[in-house]
Structures are given as structure tokens and as C-alpha cells.
>>> print(open('entry.pdb').read())   # PDB, C-alpha atoms
ATOM      1  CA  MET P 166      53.832  64.910 -75.215
ATOM      2  CA  ASN P 167      56.020  62.184 -73.795
ATOM      3  CA  GLY P 168      53.595  61.120 -71.130
ATOM      4  CA  LEU P 169      55.553  62.572 -68.210
ATOM      5  CA  ASP P 170      53.311  63.566 -65.337
ATOM      6  CA  LEU P 171      54.635  67.035 -64.566
ATOM      7  CA  GLN P 172      53.346  68.678 -61.444
ATOM      8  CA  ILE P 173      53.467  72.438 -61.455
ATOM      9  CA  ILE P 174      53.715  73.895 -57.984
ATOM     10  CA  ARG P 175      52.493  77.440 -57.846
ATOM     11  CA  CYS P 176      53.120  79.867 -55.015
ATOM     12  CA  PRO P 177      49.834  80.386 -53.174
ATOM     13  CA  GLU P 178      48.384  83.857 -52.820
ATOM     14  CA  GLU P 179      47.888  83.339 -49.118
ATOM     15  CA  ILE P 180      48.442  80.815 -46.371
ATOM     16  CA  GLN P 181      46.528  80.010 -43.208
ATOM     17  CA  VAL P 182      48.660  80.670 -40.154
ATOM     18  CA  LEU P 183      48.100  79.483 -36.595
ATOM     19  CA  THR P 184      49.546  82.148 -34.326
ATOM     20  CA  PHE P 185      50.896  81.365 -30.872
ATOM     21  CA  SER P 186      53.595  82.553 -28.529
ATOM     22  CA  VAL P 187      56.248  80.974 -26.363
ATOM     23  CA  MET P 188      57.934  83.095 -23.681
ATOM     24  CA  GLY P 189      56.407  86.216 -25.197
ATOM     25  CA  VAL P 190      57.808  85.558 -28.677
ATOM     26  CA  LYS P 191      55.026  85.725 -31.272
ATOM     27  CA  MET P 192      55.147  82.939 -33.810
ATOM     28  CA  GLY P 193      53.037  81.392 -36.500
ATOM     29  CA  VAL P 194      52.900  78.127 -38.405
ATOM     30  CA  ASP P 195      51.341  77.244 -41.736
ATOM     31  CA  THR P 196      48.315  75.155 -40.789
ATOM     32  CA  GLU P 197      49.111  72.757 -43.651
ATOM     33  CA  GLN P 198      51.879  71.357 -41.444
ATOM     34  CA  ILE P 199      49.392  70.523 -38.684
ATOM     35  CA  THR P 200      46.990  67.596 -38.636
ATOM     36  CA  GLU P 201      45.546  67.919 -35.178
ATOM     37  CA  MET P 202      45.622  69.919 -31.955
ATOM     38  CA  MET P 203      45.115  68.295 -28.585
ATOM     39  CA  GLU P 204      45.818  68.603 -24.888
ATOM     40  CA  VAL P 205      49.359  67.625 -23.930
ATOM     41  CA  ASP P 206      48.079  64.818 -21.675
ATOM     42  CA  GLU P 207      46.149  63.317 -24.565
ATOM     43  CA  ALA P 208      49.190  63.401 -26.864
ATOM     44  CA  GLU P 209      51.251  61.650 -24.201
ATOM     45  CA  SER P 210      48.558  59.078 -23.487
ATOM     46  CA  ARG P 211      48.442  58.275 -27.221
ATOM     47  CA  GLY P 212      52.122  57.462 -27.037
ATOM     48  CA  LEU P 213      53.111  60.222 -29.484
ATOM     49  CA  ALA P 214      56.622  61.623 -29.547
ATOM     50  CA  VAL P 215      56.091  64.920 -27.737
ATOM     51  CA  ARG P 216      58.641  67.734 -27.793
ATOM     52  CA  ARG P 217      58.230  71.025 -25.945
ATOM     53  CA  PHE P 218      59.047  73.902 -28.282
ATOM     54  CA  HIS P 219      61.956  75.125 -26.140
ATOM     55  CA  GLU P 220      63.561  71.661 -26.146
ATOM     56  CA  ASN P 221      64.588  72.203 -29.763
ATOM     57  CA  VAL P 222      65.019  75.965 -29.854
ATOM     58  CA  SER P 223      67.138  77.816 -27.325
ATOM     59  CA  PHE P 224      65.602  80.708 -25.412
ATOM     60  CA  GLY P 225      68.897  81.473 -23.682
ATOM     61  CA  GLU P 226      69.260  81.230 -19.951
ATOM     62  CA  MET P 227      65.748  82.292 -18.975
ATOM     63  CA  PRO P 228      63.559  79.729 -17.188
ATOM     64  CA  ILE P 229      60.862  78.477 -19.521
ATOM     65  CA  LYS P 230      57.237  78.581 -18.495
ATOM     66  CA  TYR P 231      54.156  77.567 -20.478
ATOM     67  CA  HIS P 232      50.814  79.164 -19.620
ATOM     68  CA  SER P 233      48.320  77.518 -21.986
ATOM     69  CA  PRO P 234      50.239  74.627 -23.528
ATOM     70  CA  ILE P 235      48.733  72.658 -26.371
ATOM     71  CA  ALA P 236      50.149  69.857 -28.486
ATOM     72  CA  VAL P 237      50.048  70.201 -32.256
ATOM     73  CA  MET P 238      50.555  67.069 -34.340
ATOM     74  CA  ILE P 239      52.806  67.544 -37.326
ATOM     75  CA  LYS P 240      52.487  65.507 -40.490
ATOM     76  CA  ASN P 241      55.856  64.811 -41.980
ATOM     77  CA  GLY P 242      56.560  61.507 -43.681
ATOM     78  CA  SER P 243      55.521  58.310 -41.974
ATOM     79  CA  GLU P 244      56.355  59.359 -38.433
ATOM     80  CA  PRO P 245      53.988  61.931 -37.003
ATOM     81  CA  PHE P 246      55.244  63.860 -34.015
ATOM     82  CA  SER P 247      53.811  66.541 -31.796
ATOM     83  CA  VAL P 248      55.162  69.816 -30.545
ATOM     84  CA  VAL P 249      53.965  71.597 -27.436
ATOM     85  CA  ILE P 250      53.354  75.276 -28.128
ATOM     86  CA  ASP P 251      51.919  77.930 -25.839
ATOM     87  CA  ASN P 252      49.069  80.425 -26.021
ATOM     88  CA  PRO P 253      47.509  79.446 -29.352
ATOM     89  CA  GLU P 254      45.690  82.568 -30.447
ATOM     90  CA  ASP P 255      44.139  82.530 -33.867
ATOM     91  CA  ILE P 256      44.126  81.111 -37.358
ATOM     92  CA  THR P 257      44.425  83.920 -39.878
ATOM     93  CA  SER P 258      44.854  84.276 -43.621
ATOM     94  CA  VAL P 259      48.197  85.819 -44.480
ATOM     95  CA  ASN P 260      48.931  87.216 -47.926
ATOM     96  CA  VAL P 261      52.308  85.811 -48.952
ATOM     97  CA  ARG P 262      53.338  89.273 -50.164
ATOM     98  CA  SER P 263      53.346  90.452 -46.566
ATOM     99  CA  ILE P 264      55.862  87.774 -45.551
ATOM    100  CA  GLN P 265      59.458  88.928 -45.316
ATOM    101  CA  PRO P 266      62.463  86.593 -45.461
ATOM    102  CA  MET P 267      64.534  86.209 -42.326
ATOM    103  CA  PRO P 268      67.593  88.500 -42.365
ATOM    104  CA  PRO P 269      70.709  86.719 -43.705
ATOM    105  CA  LEU P 270      72.603  86.767 -40.403
ATOM    106  CA  ILE P 271      69.750  84.790 -38.829
ATOM    107  CA  ALA P 272      68.778  82.664 -41.837
ATOM    108  CA  MET P 273      72.265  81.188 -42.034
ATOM    109  CA  ASN P 274      71.812  79.755 -38.543
ATOM    110  CA  SER P 275      68.996  77.597 -39.860
ATOM    111  CA  ALA P 276      70.422  74.516 -38.129
ATOM    112  CA  THR P 277      69.408  75.991 -34.783
ATOM    113  CA  CYS P 278      66.814  78.506 -35.883
ATOM    114  CA  PRO P 279      63.660  77.004 -37.452
ATOM    115  CA  PHE P 280      62.200  80.287 -38.698
ATOM    116  CA  TRP P 281      61.775  80.795 -42.421
ATOM    117  CA  GLY P 282      60.060  84.162 -42.545
ATOM    118  CA  ALA P 283      58.470  86.957 -40.594
ATOM    119  CA  ILE P 284      55.315  88.996 -40.789
ATOM    120  CA  PRO P 285      55.783  92.621 -39.786
ATOM    121  CA  GLY P 286      52.664  93.983 -38.167
ATOM    122  CA  LYS P 287      51.437  96.860 -36.062
ATOM    123  CA  GLU P 288      51.349  94.637 -33.010
ATOM    124  CA  GLY P 289      54.839  93.286 -33.517
ATOM    125  CA  ILE P 290      56.669  90.785 -35.652
ATOM    126  CA  ILE P 291      55.367  87.227 -36.056
ATOM    127  CA  LEU P 292      58.101  84.678 -36.730
ATOM    128  CA  LEU P 293      57.036  81.889 -39.061
ATOM    129  CA  VAL P 294      58.270  78.536 -37.841
ATOM    130  CA  ASP P 295      58.806  75.524 -40.056
ATOM    131  CA  PHE P 296      58.039  72.486 -37.897
ATOM    132  CA  PHE P 297      59.693  70.156 -40.401
ATOM    133  CA  ARG P 298      62.948  72.061 -39.942
ATOM    134  CA  PHE P 299      62.195  72.195 -36.204
ATOM    135  CA  ARG P 300      62.144  68.422 -36.096
ATOM    136  CA  GLU P 301      65.552  68.205 -37.767
ATOM    137  CA  GLY P 302      66.966  70.210 -34.856
ATOM    138  CA  GLN P 303      65.570  67.881 -32.220
ATOM    139  CA  ASN P 304      68.987  66.923 -30.918
ATOM    140  CA  GLY P 305      68.571  69.876 -28.628
ATOM    141  CA  PRO P 306      69.074  73.618 -28.722
ATOM    142  CA  ARG P 307      72.468  75.177 -29.242
ATOM    143  CA  LYS P 308      73.826  76.772 -26.083
TER
ATOM    144  CA  MET O  77     115.277 143.800 -72.683
ATOM    145  CA  ALA O  78     114.837 140.160 -73.541
ATOM    146  CA  ASN O  79     117.942 138.077 -73.284
ATOM    147  CA  GLY O  80     118.940 134.555 -72.386
ATOM    148  CA  ASN O  81     118.963 135.311 -68.660
ATOM    149  CA  ASP O  82     115.360 136.688 -68.739
ATOM    150  CA  LYS O  83     114.144 133.529 -70.489
ATOM    151  CA  LYS O  84     115.868 131.477 -67.872
ATOM    152  CA  LYS O  85     114.206 133.552 -65.196
ATOM    153  CA  SER O  86     110.711 132.992 -66.646
ATOM    154  CA  ASP O  87     111.468 129.314 -66.944
ATOM    155  CA  LEU O  88     112.484 129.306 -63.319
ATOM    156  CA  ILE O  89     109.265 131.076 -62.343
ATOM    157  CA  LEU O  90     107.147 128.643 -64.369
ATOM    158  CA  GLU O  91     109.024 125.716 -62.922
ATOM    159  CA  GLU O  92     108.371 127.040 -59.449
ATOM    160  CA  ILE O  93     104.685 127.551 -60.253
ATOM    161  CA  MET O  94     104.414 124.014 -61.610
ATOM    162  CA  ARG O  95     106.233 122.655 -58.586
ATOM    163  CA  ARG O  96     103.806 124.413 -56.274
ATOM    164  CA  LYS O  97     100.845 123.039 -58.226
ATOM    165  CA  GLU O  98     102.239 119.539 -58.014
ATOM    166  CA  LYS O  99     102.743 120.005 -54.301
ATOM    167  CA  GLU O 100      99.146 121.166 -53.931
ATOM    168  CA  LYS O 101      98.027 118.044 -55.789
ATOM    169  CA  ILE O 102     100.054 115.893 -53.418
ATOM    170  CA  VAL O 103      98.535 117.707 -50.432
ATOM    171  CA  ASP O 104      95.065 117.129 -51.908
ATOM    172  CA  VAL O 105      95.745 113.405 -52.187
ATOM    173  CA  GLU O 106      97.066 113.285 -48.646
ATOM    174  CA  GLU O 107      94.036 115.132 -47.321
ATOM    175  CA  LYS O 108      91.498 112.657 -48.717
ATOM    176  CA  GLN O 109      88.671 112.614 -46.237
ATOM    177  CA  VAL O 110      86.715 109.656 -44.917
ATOM    178  CA  LYS O 111      83.431 109.838 -43.062
ATOM    179  CA  VAL O 112      83.261 108.091 -39.708
ATOM    180  CA  VAL O 113      80.341 107.507 -37.353
ATOM    181  CA  ILE O 114      81.713 107.723 -33.826
ATOM    182  CA  PHE O 115      79.939 105.957 -30.988
ATOM    183  CA  ALA O 116      80.539 104.792 -27.459
ATOM    184  CA  LEU O 117      80.663 101.255 -26.115
ATOM    185  CA  HIS O 118      80.996 100.873 -22.381
ATOM    186  CA  GLY O 119      82.888 104.150 -22.006
ATOM    187  CA  ASP O 120      85.308 103.690 -24.919
ATOM    188  CA  PHE O 121      85.019 105.288 -28.333
ATOM    189  CA  TYR O 122      84.658 103.389 -31.559
ATOM    190  CA  ALA O 123      83.710 104.253 -35.129
ATOM    191  CA  PHE O 124      82.397 102.705 -38.316
ATOM    192  CA  TYR O 125      83.271 104.020 -41.745
ATOM    193  CA  GLY O 126      80.272 106.127 -42.765
ATOM    194  CA  GLU O 127      80.062 104.556 -46.215
ATOM    195  CA  TYR O 128      78.743 101.358 -44.599
ATOM    196  CA  ILE O 129      76.134 103.020 -42.391
ATOM    197  CA  LYS O 130      72.806 103.464 -44.146
ATOM    198  CA  GLU O 131      71.066 105.206 -41.270
ATOM    199  CA  ILE O 132      70.983 105.608 -37.515
ATOM    200  CA  LEU O 133      67.699 104.448 -36.014
ATOM    201  CA  PRO O 134      66.308 105.290 -32.596
ATOM    202  CA  LEU O 135      65.954 102.402 -30.189
ATOM    203  CA  MET O 136      62.790 100.505 -31.070
ATOM    204  CA  THR O 137      61.100  97.257 -30.117
ATOM    205  CA  ILE O 138      63.416  94.372 -30.893
ATOM    206  CA  SER O 139      61.683  90.996 -31.242
ATOM    207  CA  SER O 140      63.926  88.233 -29.986
ATOM    208  CA  VAL O 141      64.532  85.232 -32.245
ATOM    209  CA  PRO O 142      64.947  82.006 -30.263
ATOM    210  CA  GLY O 143      67.703  79.747 -31.499
ATOM    211  CA  SER O 144      69.880  82.550 -32.824
ATOM    212  CA  PRO O 145      73.318  83.276 -31.358
ATOM    213  CA  GLU O 146      73.478  85.217 -28.091
ATOM    214  CA  PHE O 147      74.952  88.293 -29.799
ATOM    215  CA  ILE O 148      71.931  88.595 -32.099
ATOM    216  CA  THR O 149      69.411  90.570 -30.070
ATOM    217  CA  GLY O 150      66.581  89.916 -32.483
ATOM    218  CA  VAL O 151      64.781  91.523 -35.391
ATOM    219  CA  ILE O 152      63.239  94.928 -36.038
ATOM    220  CA  ASN O 153      60.692  96.247 -38.489
ATOM    221  CA  VAL O 154      62.215  99.032 -40.592
ATOM    222  CA  ARG O 155      59.413 100.393 -42.780
ATOM    223  CA  GLY O 156      58.125  96.884 -43.468
ATOM    224  CA  GLU O 157      61.544  95.254 -43.916
ATOM    225  CA  ILE O 158      62.793  92.819 -41.286
ATOM    226  CA  GLU O 159      66.367  93.477 -40.176
ATOM    227  CA  SER O 160      68.523  91.614 -37.691
ATOM    228  CA  VAL O 161      70.106  93.464 -34.776
ATOM    229  CA  ILE O 162      73.558  92.568 -33.489
ATOM    230  CA  ASN O 163      74.507  93.361 -29.910
ATOM    231  CA  ILE O 164      78.028  94.532 -30.693
ATOM    232  CA  ASN O 165      78.991  94.565 -26.996
ATOM    233  CA  ARG O 166      78.302  90.857 -26.672
ATOM    234  CA  PHE O 167      79.921  90.131 -30.013
ATOM    235  CA  LEU O 168      83.128  91.819 -28.891
ATOM    236  CA  GLY O 169      82.968  90.540 -25.317
ATOM    237  CA  ILE O 170      82.296  93.982 -23.831
ATOM    238  CA  PRO O 171      79.786  94.383 -20.937
ATOM    239  CA  ASP O 172      76.298  95.499 -21.981
ATOM    240  CA  SER O 173      75.362  99.178 -22.002
ATOM    241  CA  ALA O 174      74.746 100.673 -18.569
ATOM    242  CA  ASN O 175      72.177 103.057 -20.029
ATOM    243  CA  PRO O 176      70.194 101.197 -22.712
ATOM    244  CA  GLN O 177      67.728 104.104 -23.116
ATOM    245  CA  SER O 178      70.386 106.077 -24.988
ATOM    246  CA  SER O 179      71.207 103.176 -27.306
ATOM    247  CA  ARG O 180      70.809 103.533 -31.056
ATOM    248  CA  ILE O 181      70.704 101.078 -33.944
ATOM    249  CA  ALA O 182      73.164 101.678 -36.774
ATOM    250  CA  LEU O 183      71.827 100.068 -39.944
ATOM    251  CA  ALA O 184      74.925  98.768 -41.713
ATOM    252  CA  VAL O 185      75.320  97.363 -45.217
ATOM    253  CA  THR O 186      78.337  95.656 -46.721
ATOM    254  CA  GLY O 187      79.030  92.648 -48.931
ATOM    255  CA  GLY O 188      75.346  92.251 -49.722
ATOM    256  CA  ILE O 189      74.483  91.803 -46.025
ATOM    257  CA  ARG O 190      72.435  94.316 -44.101
ATOM    258  CA  SER O 191      71.943  94.353 -40.340
ATOM    259  CA  GLY O 192      71.296  96.681 -37.477
ATOM    260  CA  ILE O 193      74.057  97.062 -34.924
ATOM    261  CA  LEU O 194      73.097  98.070 -31.406
ATOM    262  CA  ILE O 195      75.450 100.771 -30.074
ATOM    263  CA  ASP O 196      75.451 102.597 -26.742
ATOM    264  CA  SER O 197      75.133 106.095 -28.196
ATOM    265  CA  VAL O 198      76.153 107.997 -31.301
ATOM    266  CA  GLU O 199      78.662 110.717 -30.466
ATOM    267  CA  GLU O 200      79.363 112.377 -33.798
ATOM    268  CA  VAL O 201      79.641 111.945 -37.538
ATOM    269  CA  PHE O 202      82.944 113.349 -38.770
ATOM    270  CA  ASP O 203      85.060 113.701 -41.893
ATOM    271  CA  ILE O 204      88.640 112.880 -41.003
ATOM    272  CA  PRO O 205      91.778 112.762 -43.161
ATOM    273  CA  ALA O 206      92.265 109.190 -44.335
ATOM    274  CA  SER O 207      95.932 109.579 -43.445
ATOM    275  CA  SER O 208      95.044 110.034 -39.770
ATOM    276  CA  VAL O 209      93.909 106.401 -39.530
ATOM    277  CA  LYS O 210      96.733 104.334 -38.065
ATOM    278  CA  PRO O 211      97.085 100.601 -37.501
ATOM    279  CA  PRO O 212      95.631  99.395 -34.197
ATOM    280  CA  LEU O 213      97.775  99.374 -31.092
ATOM    281  CA  ASP O 214      99.269  96.087 -29.998
ATOM    282  CA  THR O 215      97.745  96.621 -26.560
ATOM    283  CA  LEU O 216      94.213  96.292 -27.944
ATOM    284  CA  SER O 217      92.244  93.293 -26.650
ATOM    285  CA  LYS O 218      92.692  90.264 -28.893
ATOM    286  CA  SER O 219      88.929  89.676 -29.094
ATOM    287  CA  ILE O 220      88.486  93.164 -30.573
ATOM    288  CA  LYS O 221      91.683  93.498 -32.602
ATOM    289  CA  GLU O 222      90.473  90.916 -35.100
ATOM    290  CA  PHE O 223      87.681  93.309 -36.138
ATOM    291  CA  VAL O 224      89.607  96.573 -36.151
ATOM    292  CA  ALA O 225      90.248  98.548 -39.345
ATOM    293  CA  GLY O 226      92.443 101.160 -37.629
ATOM    294  CA  GLU O 227      92.590 103.877 -35.013
ATOM    295  CA  PHE O 228      92.693 107.649 -34.984
ATOM    296  CA  THR O 229      92.788 110.426 -32.454
ATOM    297  CA  LEU O 230      90.138 113.130 -32.359
ATOM    298  CA  LYS O 231      89.921 115.812 -29.659
ATOM    299  CA  ASP O 232      92.439 113.843 -27.584
ATOM    300  CA  LYS O 233      90.241 110.745 -27.725
ATOM    301  CA  LEU O 234      91.575 107.522 -29.151
ATOM    302  CA  ILE O 235      88.916 106.088 -31.463
ATOM    303  CA  THR O 236      88.975 102.533 -32.754
ATOM    304  CA  ILE O 237      87.447 101.916 -36.174
ATOM    305  CA  LEU O 238      85.565  98.620 -36.382
ATOM    306  CA  ASP O 239      85.440  96.815 -39.707
ATOM    307  CA  ILE O 240      81.818  95.889 -40.389
ATOM    308  CA  GLY O 241      82.835  93.538 -43.192
ATOM    309  CA  LYS O 242      85.010  91.529 -40.807
ATOM    310  CA  ILE O 243      82.203  91.428 -38.213
ATOM    311  CA  PHE O 244      79.624  90.178 -40.729
ATOM    312  CA  GLY O 245      82.218  87.812 -42.163
ATOM    313  CA  LYS O 246      82.823  86.221 -38.761
ATOM    314  CA  ILE O 247      79.090  85.748 -38.168
ATOM    315  CA  THR O 248      78.521  84.195 -41.581
ATOM    316  CA  LEU O 249      81.439  81.764 -41.321
TER
END
>>> encode(input="entry.pdb", output="C-alpha cells")
Amino acid sequence: MNGLDLQIIRCPEEIQVLTFSVMGVKMGVDTEQITEMMEVDEAESRGLAVRRFHENVSFGEMPIKYHSPIAVMIKNGSEPFSVVIDNPEDITSVNVRSIQPMPPLIAMNSATCPFWGAIPGKEGIILLVDFFRFREGQNGPRK
Amino acid sequence: MANGNDKKKSDLILEEIMRRKEKEKIVDVEEKQVKVVIFALHGDFYAFYGEYIKEILPLMTISSVPGSPEFITGVINVRGEIESVININRFLGIPDSANPQSSRIALAVTGGIRSGILIDSVEEVFDIPASSVKPPLDTLSKSIKEFVAGEFTLKDKLITILDIGKIFGKITL
């Protein structure tokens, strides 16, 4: 052996997903991206960079309304930031085999579309959002 | 009685037979059929080449995908596979369907890309002679002409064939 410290990254069997919805669109995020959940007021009072979900991802022309907003803090590098999501529902175990890739015509718009996969289910499709990619698009949604 | 003239006659007959067979072959080539899926968009008739249409799905729940272009309606679950759905009206700059209940989703595949295409209604699936497909008229709207493979007339209706490869190609640019 040459002493190199090789790290083997294996695909997990399952991931923990926090499900939520914004404007009726069901979404989920791998809980490993989240460090904390808090009220929006608290996130603002802590002086955190707070972005509403729709400020980075376009929902078209419809007026945006949040019903049960909550701020989730994202750990990414040295600068934590928080995203306001709506209607947090549950944290569930998802077998990675049940995750489908986003269709190519949508995946290639990754600059404006932060979804990396989808979970087809009886109660609809859950879009898996990557908040790291979401942050990269924080110059604002594409019209 | 066999003589030189009779031989000539048989040769003539054989030549004629061979000529007819050749002609039949030529007719066969000319009558090569292509399958087309004819559908309506805002009162006009369009078609896709059938070889690119995997199946026609009934209208089902389409989950919208925020951040995707306006002409992508969203995604659908087709037996556990997630497929995108293009609103072809919006893509071509045509007003949306007046009667969305009769809409269908054509699942199209070409160039390794698969996607649903929302269409107003499916009229018919036909085999037409390939020779009946003509170049598009100059009068066709510029926004549509770019995606047209040709036109043909069926039952006095002018039908515009849309090129799915060109549509997908434009989206993936």
C-alpha cells in the first residue's frame, strides 16, 4: 500500500427525506442537507441569509402564498443559509431504488430547476430538491 | 411451326412481362407507407410520424415542476417511470386547448429522449403513402415552420407533420 487515504463512497440503501409543499407542489429534501429547522422570525433575528423558496425557483405568474412557512438551515461550506419552505409534513425513509431521475428535458434546465429526482407514489409525485443547487440559482428565478 | 419470327415474338412477350414486373416494383417503391398519428391543435390538424410515438395516454394528473420552462407542463407517472410533458401549444405559440378534458398525452421517443406531448385530441392513426408528404407551404407561420417535417392532404384536410426530433432538439439546445 502506498499510504493513500482512499475514501470509498457507497450509495446508501435509503435516505431520510423531509417532505413539504410550496404552492401545492410536493417536494422533498434529503435531511442530510439540513442542520436545523426554525420559525422564519427566528432565522431573521439571528441574522441568517433567508431566501423564500419561490425567490430562487419560478412558479410562473401565479401569486405566491405560504400557509405554514418554516425556515430550514442548510449546511454547505462555511456559509450556512436558510430557505423558507411551506407545509413541512413528514420525515420518511425512502429506498433509493424508488427514486427516479428527472426526465432529460427537465434535467437539462438544472440552472433554473433544482430538482435531481422524483419519487412516484400513489398520492402523487414528490420532487427531490437539492438545496445546494438551489443556492447556486439564487440570482433569481428565470422568467 | 417454330421459326425466327416466333422466337422474336416470345422474346417480345417476355420483355413485356419483365417490363410490367419492373413497373410493379417501381409502383411498390412509390407506394411505401408511413404511419402518422393525426391530432388537433386549436382547430388545425397536425401529425407525428407513428414510429416516434410509443403510446397515447389518457389525460392524467400532471405534477408541475417549478423552474422549468413555461412550455413544460410538468411530469407524469407512467407505470413507475417519470416522464416530462410538453405543452405543444405553448411551444409553438398556439393558444391553449379550449377543451382540455379531451386532451391526450402522446409519449414520444427519438434521439434517446423520451417525453410526453400534450395534444388537444387524437383524430386518427393512418398509413399514408410516403410520396404524399410534401414540403410545407410558405404561408405557414414561421414559429411552426421550423418544426415541420412536411404536409399532406387527407379527406380534404391539410395536415402538418411536426418533427419531434426538431422539437426535442430545440428544447435541449
>>> closest_atom_pairs(input="entry.pdb", of="segment 92-211 of chain O", to="segment 178-188 of chain P", cutoff="12 Å", atoms="only C-alpha atoms", output="JSON lines")
{"residue": "O:Ser139", "atom": "CA", "partner": "P:Met188", "partner_atom": "CA", "distance": 11.6}
{"residue": "O:Ser140", "atom": "CA", "partner": "P:Met188", "partner_atom": "CA", "distance": 10.1}
{"residue": "O:Val141", "atom": "CA", "partner": "P:Val187", "partner_atom": "CA", "distance": 11.0}
{"residue": "O:Pro142", "atom": "CA", "partner": "P:Val187", "partner_atom": "CA", "distance": 9.6}
>>> resolve_selection(input="entry.pdb", expression="the ChimeraX specification (/O :<9) & /P", output="PDB file with C-alpha atoms, keeping the file's coordinate frame")
ATOM      1  CA  VAL P 190      57.808  85.558 -28.677  1.00  0.00           C
ATOM      2  CA  LYS P 191      55.026  85.725 -31.272  1.00  0.00           C
ATOM      3  CA  HIS P 219      61.956  75.125 -26.140  1.00  0.00           C
ATOM      4  CA  ASN P 221      64.588  72.203 -29.763  1.00  0.00           C
ATOM      5  CA  VAL P 222      65.019  75.965 -29.854  1.00  0.00           C
ATOM      6  CA  SER P 223      67.138  77.816 -27.325  1.00  0.00           C
ATOM      7  CA  PHE P 224      65.602  80.708 -25.412  1.00  0.00           C
ATOM      8  CA  GLY P 225      68.897  81.473 -23.682  1.00  0.00           C
ATOM      9  CA  SER P 263      53.346  90.452 -46.566  1.00  0.00           C
ATOM     10  CA  GLN P 265      59.458  88.928 -45.316  1.00  0.00           C
ATOM     11  CA  PRO P 266      62.463  86.593 -45.461  1.00  0.00           C
ATOM     12  CA  MET P 267      64.534  86.209 -42.326  1.00  0.00           C
ATOM     13  CA  PRO P 268      67.593  88.500 -42.365  1.00  0.00           C
ATOM     14  CA  PRO P 269      70.709  86.719 -43.705  1.00  0.00           C
ATOM     15  CA  LEU P 270      72.603  86.767 -40.403  1.00  0.00           C
ATOM     16  CA  ILE P 271      69.750  84.790 -38.829  1.00  0.00           C
ATOM     17  CA  MET P 273      72.265  81.188 -42.034  1.00  0.00           C
ATOM     18  CA  ASN P 274      71.812  79.755 -38.543  1.00  0.00           C
ATOM     19  CA  SER P 275      68.996  77.597 -39.860  1.00  0.00           C
ATOM     20  CA  ALA P 276      70.422  74.516 -38.129  1.00  0.00           C
ATOM     21  CA  THR P 277      69.408  75.991 -34.783  1.00  0.00           C
ATOM     22  CA  CYS P 278      66.814  78.506 -35.883  1.00  0.00           C
ATOM     23  CA  PRO P 279      63.660  77.004 -37.452  1.00  0.00           C
ATOM     24  CA  PHE P 280      62.200  80.287 -38.698  1.00  0.00           C
ATOM     25  CA  ALA P 283      58.470  86.957 -40.594  1.00  0.00           C
ATOM     26  CA  ILE P 284      55.315  88.996 -40.789  1.00  0.00           C
ATOM     27  CA  PRO P 285      55.783  92.621 -39.786  1.00  0.00           C
ATOM     28  CA  GLY P 286      52.664  93.983 -38.167  1.00  0.00           C
ATOM     29  CA  GLY P 289      54.839  93.286 -33.517  1.00  0.00           C
ATOM     30  CA  ILE P 290      56.669  90.785 -35.652  1.00  0.00           C
ATOM     31  CA  ILE P 291      55.367  87.227 -36.056  1.00  0.00           C
ATOM     32  CA  LEU P 292      58.101  84.678 -36.730  1.00  0.00           C
ATOM     33  CA  PRO P 306      69.074  73.618 -28.722  1.00  0.00           C
ATOM     34  CA  ARG P 307      72.468  75.177 -29.242  1.00  0.00           C
ATOM     35  CA  LYS P 308      73.826  76.772 -26.083  1.00  0.00           C
TER      36      LYS P 308
END
>>> residues_around(input="entry.pdb", residues="Ser178 of chain O", least_positions_apart="2", cutoff="8 Å", atoms="all atoms listed in the file", output="PyMOL selection string")
chain O and resi 135+175-176+180+196-197
>>> atom_distance(input="entry.pdb", atom1="atom CA of Ile164 of chain O", atom2="atom CA of Leu238 of chain O")
10.3 Å
>>> atom_distance(input="entry.pdb", atom1="atom CA of Phe115 of chain O", atom2="atom CA of Glu227 of chain O")
13.4 Å
>>> residues_around(input="entry.pdb", residues="segment 199-205 of chain O", least_positions_apart="2", cutoff="8 Å", atoms="only C-alpha atoms", output="JSON, numbers by chain")
{"O": [106, 107, 108, 109, 110, 111, 112, 113, 114, 115, 116, 126, 197, 207, 208, 209]}
>>> residues_around(input="entry.pdb", residues="Arg211 of chain P", least_positions_apart="6", cutoff="12 Å", atoms="only C-alpha atoms", output="list in words")
Met203, Glu204, Val205, Ala236, Met238, Pro245, Phe246 and Ser247 of chain P
>>> resolve_selection(input="entry.pdb", expression="the PyMOL selection byres ((chain P and resi 232) around 8)", output="PyMOL selection string")
chain P and resi 230-231+233-234+251-252
>>> atom_distance(input="entry.pdb", atom1="atom CA of Ala208 of chain P", atom2="atom CA of Ile250 of chain P")
12.6 Å
>>> closest_residue(input="entry.pdb", among="O:Ile195, O:Ile220, O:Ala182, O:Ile170", to="Ile132 of chain O", atoms="all atoms listed in the file")
O:Ala182
>>> axis_aligned_box(input="entry.pdb", around="segment 207-221 of chain P", padding_each_side="6 Å", output="JSON")
{"center_x": 55.4, "center_y": 66.3, "center_z": -26.6, "size_x": 30.4, "size_y": 29.7, "size_z": 18.3}
>>> residues_around(input="entry.pdb", residues="Lys233 of chain O", least_positions_apart="3", cutoff="8 Å", atoms="only C-alpha atoms", output="CSV table (one decimal) with C-alpha atoms, keeping the file's coordinate frame")
chain,number,residue,atom,x,y,z
O,121,PHE,CA,85.0,105.3,-28.3
O,229,THR,CA,92.8,110.4,-32.5
O,230,LEU,CA,90.1,113.1,-32.4
